[in-house]
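Following: one structure in structure tokens, then a few remarks.
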Amino acid sequence: MNRTVYLDNNATTKIADEVREAMMPFLTDLWGNPSSMHTFGGQVKKYVEAAREQVAALIGAADPQEITFTSCGSESDNLAIRGGAEAMDKPPHVITSKVEHAAVSGPCHYLEDRGFRLTKLDVDPLGRLDLDTLRREVKAGKTLTSIMWANNETGVIFPVGMIGEMVHEAGGVFHTDAVQAVGKIPMKVSNLPIDMLSLSGHKLHAPKGVGAIYIRRGTKVKPLILGGHQERGRRAGTENVPYIVGLGVACNLAGKHLHEENTRVKTLRDRLEQGILATCPGARVNGDPSCRLPNTTNISFDFIEGEAILLMLDDRGICASTGSACASGSLEPSHVLRAMNVAGVSVHGSIRFSLSTYNTDKDVDTVLTELPKVVKRLRELSPFVS
Amino acid sequence: MWDYTDKVNDHFKNPRNVGKIDHPDGTGEVGSLACGDALKLMFKLDDQGRIKEAKFQTFGCASAIASSSALTEMIIGKTLDEVEKITNKDIAEYLGGLPKQKVHCSVMGREALEAAIYNYRTGKKWDKAIEGDVVCHCFGVTDKEIERVARENNVQTLEELTNACKAGGGCGNCLPELQKIIDRVHGEQAASATPAKKPLTNLQRIHLIEDVIDREIRPALRQDGGDLELVDVDGNTVKVRFRGACSGCVVSAITLRDVVEARLKDNVSDEIRVEEVK
């Protein structure tokens, strides 16, 4: 097997050594329950609280108590949307976009099935949100609006500050799924009109199985998991101490790497993207190039199919992902690319490369050597080319 | 991650008989860019009527490429009478099996073979319409094809049918029709008694139209992120507005006629005409 070139960091990330090491004491000696009265258990509580401060610091929350630990980003999204809607005085009009992760669209449809009015906003061909419709719709009644901060497939960043203002002016509640944005772009939620924000550990070099939600002081949320006082009653269940500690350290690291993410990693991404466009004819970038995460590029290749590209890259040790229908087992290509009206010749042939601070120039070189060969080979096979 | 067999991986990474034949005896082209896979198959016969050369070009995933490659190996050296007996299951078995969601790749192979034989025998280009009426408009699958696939693969459920030939994998509007075909193939044609149509008052008619839209039309559109709004009812003219994914969908005109109007005709009155308000 070749050396693995991992360019699928929007799917999951490597666990940072610092994170793993920080977790180890809680998997060995410090296994107590933070709710215990005795010293042995109770002593771990301060580590949970330190992690809460680290998460709050990364996103710029005013008060660590605004952070609630969950099991994953999806749980955070469910809590915000289901718990948020149910806590409002009367059933809100739910507004979301057509390009959300399933962890957001799933609970939104769940509410719709239960009689809530649901509006899903369009995006334009560059993946930018239809703000005019949003401006109109937020005024139609009290809303719970859930719009992602950055798109997982294209990296396109939505103007959450502007969105939040519109929602707040009309008296609504605003949640943002920031799973892809946290740790990649700087943010200070205390200065933004955001009521709730979801984040996930394994997207920023913590392990899978831990996430968090920011709930601004004063925002009402009904818990999904009942039966305990933990997390100030917002999420019952004994705290997942090792993973929470890991998430805290990962947030701390992400804060330190933020500058590098937006300089070195961004430069790598740009070099990768420009190199692909220069060496592979019929390649085009999906998503607004002027407002994207620094680590993500989504490129479509005309007349060839994404799963085939992906598996040929895999054979060469390169990990990426595709919005192709065939790879997901469904027959329809990515809902994000369809919402953007990506051309029929290329909608089935999209590949996403997502980088992290662990990527190197050598990784980019490998892709730029191998990918053109893969594209050329598949084009030779395609009835639409020759 | 797909659990492809070694043979699928081998045929994907080292496909046999890729390319085109000059002056082929038969050419079959199936699938399209929009559907996500397509196959062009060509063959040439020898003096004894055996296939001496077969070549393919495929746009599609690993199993589509592997199925095409396998098919060419399976047909070279055989007579047309022999290869006509090849089913999609034979192709899948030749590859040591395909994941169930990928069975349609083997069906595409068999279809291309059929199309190429048709082209050889008639000199004409094969067209889906030759063999029946299109039921699934998203993927252009005809009733005859669906019946054949259901029979050859012992299809029991809609999901199995979609895996085998893609029918029903798009907007989902045809699912009720597909279920009927499955039932028919099982010899259990559902005796669906059509409700007696008696004259309706205006109000009853509007209520019924709303009800049919809510119960039969909207759920199908929603499966694909679309929706429909009833704008007005004027005599037998029903005015609707597409919303969500349906608005601006390239097949919305077909959806309007074959889904919205067809359902309302079935359930309300044959006189109903549906107009789209933009």
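By order in the structure tokens, chains are A, B, ...; within a chain, residues start at 1; ligands start at 1, following the order shown.
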
*Surrounding residues of Asp227 in chain B excluding itself and chain neighbours under 6 positions, 7 Å, only C-alpha atoms, as a PyMOL selection string*: chain B and resi 218+221+242-244+246

Using only C-alpha atoms, what table do you get, as a tab-separated table, when you list each residue of chain A with an atom no more than 6 Å from chain B, its nearest pair of atoms, and their distance in Å rounded to one decimal, rows by chain then rising number?
residue	atom	partner	partner_atom	distance
A:Ile304	CA	B:Phe59	CA	5.8
A:Glu305	CA	B:Gly60	CA	5.1
A:Glu307	CA	B:Cys61	CA	5.2
A:Ala308	CA	B:Cys61	CA	4.7
A:Gly329	CA	B:Gln101	CA	5.9
A:Leu331	CA	B:Gly169	CA	5.8
A:Gly344	CA	B:Ala34	CA	5.4
A:Val345	CA	B:Leu33	CA	6.0
A:His348	CA	B:Gly36	CA	5.9
A:Leu381	CA	B:Gln57	CA	5.0
A:Ser382	CA	B:Phe59	CA	4.7
A:Pro383	CA	B:Gln57	CA	4.9

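By chain and then residue number, the residues within 12 Å of Ala57 in chain A are Ala50, Ala51, Arg52, Ala62, Asp63, Pro64, Gln65, Glu66, Ile67, Val182, Gly183, Pro186, Met187, Lys188, Val189, Ser190, Tyr214, Gly248, Val249, Ala250, Cys251, Asn252, Leu253, Ala254, Gly255 and Lys256 of chain A, counting only C-alpha atoms and disregarding those fewer than 5 positions away in sequence.
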
*Mind checking which residues fall within 10 Å of Glu153 in chain A, counting only C-alpha atoms, ignoring those fewer than 4 positions away in the same chain, and posting them as a PyMOL selection string?*
chain A and resi 10-11+99-101+180+286-287+296-298+321-323+334-337+350-354

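One finds CA of Gly246 in chain A at 26.9 Å from CA of Thr219 in chain A.
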
*asked:* Could you list, as an MDAnalysis selection string, every residue within 9 Å of range 160-165 of chain A, counting only C-alpha atoms and ignoring same-chain residues fewer than 2 positions away?
replied: chainID A and resid 131 134:135 145 147:149 157:158 167:170 172:176 192:195

*Have a look at CA of Leu7 in chain A and CA of His259 in chain A and let me know their distance in Å, one decimal.*
19.5 Å

*Find the residues around Gln48 in chain B up to 12 Å (only C-alpha atoms counted), leave out those fewer than 6 positions away in its own chain, and share them as an NGL selection string.*
:B and (77-80)

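The residue set within 12 Å of Tyr358 in chain A, counting only C-alpha atoms and dropping same-chain residues fewer than 3 places from it, reads Val5, Tyr6, Leu7, Asp8, Asn9, Thr13, Lys14, Ile15, Ala16, Asp17, Leu204, His205, His257, Glu260, Glu261, Arg264, Val265, Leu268, Asn295, Ser354, Leu355, Asp361, Lys362, Asp363 and Val364 of chain A.
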
Give the strand (DSSP E) residues of range 48-212 of chain A, as DSSP finds them on the backbone, and put them as a tab-separated table (two decimals) with N, CA, C and O atoms, in the first residue's frame.
chain	number	residue	atom	x	y	z
A	67	ILE	N	-21.89	26.55	27.11
A	67	ILE	CA	-21.48	25.35	26.36
A	67	ILE	C	-22.08	24.11	27.03
A	67	ILE	O	-21.93	23.91	28.24
A	68	THR	N	-22.74	23.28	26.24
A	68	THR	CA	-23.26	21.99	26.72
A	68	THR	C	-22.59	20.90	25.91
A	68	THR	O	-22.57	20.97	24.68
A	69	PHE	N	-22.05	19.90	26.61
A	69	PHE	CA	-21.41	18.79	25.88
A	69	PHE	C	-22.47	17.78	25.43
A	69	PHE	O	-23.43	17.49	26.14
A	70	THR	N	-22.25	17.26	24.21
A	70	THR	CA	-23.16	16.26	23.65
A	70	THR	C	-22.32	15.11	23.12
A	70	THR	O	-21.10	15.11	23.29
A	93	HIS	N	-42.34	28.88	12.85
A	93	HIS	CA	-42.10	28.60	11.43
A	93	HIS	C	-40.62	28.22	11.34
A	93	HIS	O	-39.76	28.97	11.77
A	94	VAL	N	-40.36	27.03	10.83
A	94	VAL	CA	-38.97	26.55	10.78
A	94	VAL	C	-38.38	26.92	9.41
A	94	VAL	O	-38.98	26.63	8.38
A	95	ILE	N	-37.23	27.58	9.44
A	95	ILE	CA	-36.58	27.95	8.18
A	95	ILE	C	-35.19	27.33	8.16
A	95	ILE	O	-34.45	27.39	9.14
A	96	THR	N	-34.88	26.71	7.03
A	96	THR	CA	-33.54	26.15	6.88
A	96	THR	C	-33.15	26.29	5.42
A	96	THR	O	-33.83	26.98	4.66
A	97	SER	N	-32.04	25.67	5.01
A	97	SER	CA	-31.64	25.78	3.61
A	97	SER	C	-31.69	24.39	2.98
A	97	SER	O	-31.82	23.39	3.67
A	118	LEU	N	-42.48	24.47	7.36
A	118	LEU	CA	-41.05	24.41	7.04
A	118	LEU	C	-40.78	25.11	5.72
A	118	LEU	O	-41.46	24.86	4.73
A	119	THR	N	-39.78	25.97	5.71
A	119	THR	CA	-39.34	26.61	4.47
A	119	THR	C	-37.87	26.27	4.28
A	119	THR	O	-37.07	26.41	5.21
A	120	LYS	N	-37.54	25.81	3.07
A	120	LYS	CA	-36.14	25.49	2.78
A	120	LYS	C	-35.64	26.45	1.71
A	120	LYS	O	-36.14	26.47	0.60
A	121	LEU	N	-34.64	27.22	2.07
A	121	LEU	CA	-34.15	28.27	1.16
A	121	LEU	C	-33.25	27.70	0.07
A	121	LEU	O	-32.47	26.77	0.31
A	143	THR	N	-39.84	32.66	13.94
A	143	THR	CA	-39.17	31.53	13.30
A	143	THR	C	-38.12	30.90	14.20
A	143	THR	O	-37.56	31.54	15.09
A	144	LEU	N	-37.88	29.62	13.90
A	144	LEU	CA	-36.65	28.98	14.34
A	144	LEU	C	-35.87	28.77	13.05
A	144	LEU	O	-36.29	27.99	12.18
A	145	THR	N	-34.81	29.51	12.87
A	145	THR	CA	-34.04	29.43	11.63
A	145	THR	C	-32.74	28.69	11.91
A	145	THR	O	-32.02	29.02	12.85
A	146	SER	N	-32.49	27.68	11.07
A	146	SER	CA	-31.25	26.91	11.23
A	146	SER	C	-30.51	26.90	9.90
A	146	SER	O	-30.96	26.28	8.94
A	173	VAL	N	-35.53	32.82	16.56
A	173	VAL	CA	-34.37	32.20	17.20
A	173	VAL	C	-33.48	31.66	16.08
A	173	VAL	O	-33.96	31.08	15.10
A	174	PHE	N	-32.17	31.85	16.21
A	174	PHE	CA	-31.24	31.44	15.16
A	174	PHE	C	-30.23	30.41	15.65
A	174	PHE	O	-29.50	30.63	16.60
A	175	HIS	N	-30.23	29.28	14.96
A	175	HIS	CA	-29.24	28.23	15.24
A	175	HIS	C	-28.34	28.08	14.01
A	175	HIS	O	-28.82	28.15	12.87
A	176	THR	N	-27.06	27.85	14.24
A	176	THR	CA	-26.18	27.55	13.11
A	176	THR	C	-25.40	26.27	13.37
A	176	THR	O	-24.86	26.05	14.46
A	177	ASP	N	-25.41	25.41	12.34
A	177	ASP	CA	-24.60	24.21	12.39
A	177	ASP	C	-23.20	24.62	11.94
A	177	ASP	O	-22.97	24.85	10.75
A	196	MET	N	-27.83	29.64	19.03
A	196	MET	CA	-27.30	28.30	19.26
A	196	MET	C	-26.33	27.95	18.15
A	196	MET	O	-26.53	28.36	16.99
A	197	LEU	N	-25.32	27.17	18.51
A	197	LEU	CA	-24.29	26.79	17.54
A	197	LEU	C	-23.84	25.36	17.84
A	197	LEU	O	-23.58	25.02	18.99
A	198	SER	N	-23.80	24.53	16.80
A	198	SER	CA	-23.37	23.14	16.99
A	198	SER	C	-21.93	22.97	16.54
A	198	SER	O	-21.52	23.56	15.54
A	199	LEU	N	-21.20	22.13	17.28
A	199	LEU	CA	-19.86	21.77	16.83
A	199	LEU	C	-19.59	20.31	17.16
A	199	LEU	O	-20.29	19.71	17.98
A	200	SER	N	-18.59	19.77	16.47
A	200	SER	CA	-18.30	18.35	16.60
A	200	SER	C	-16.83	18.15	16.86
A	200	SER	O	-15.98	18.83	16.27
A	211	GLY	N	-19.34	16.05	21.08
A	211	GLY	CA	-19.66	17.31	20.41
A	211	GLY	C	-20.08	18.31	21.47
A	211	GLY	O	-20.00	18.03	22.68
A	212	ALA	N	-20.52	19.46	21.03
A	212	ALA	CA	-20.99	20.45	21.98
A	212	ALA	C	-21.99	21.35	21.29
A	212	ALA	O	-22.05	21.42	20.06
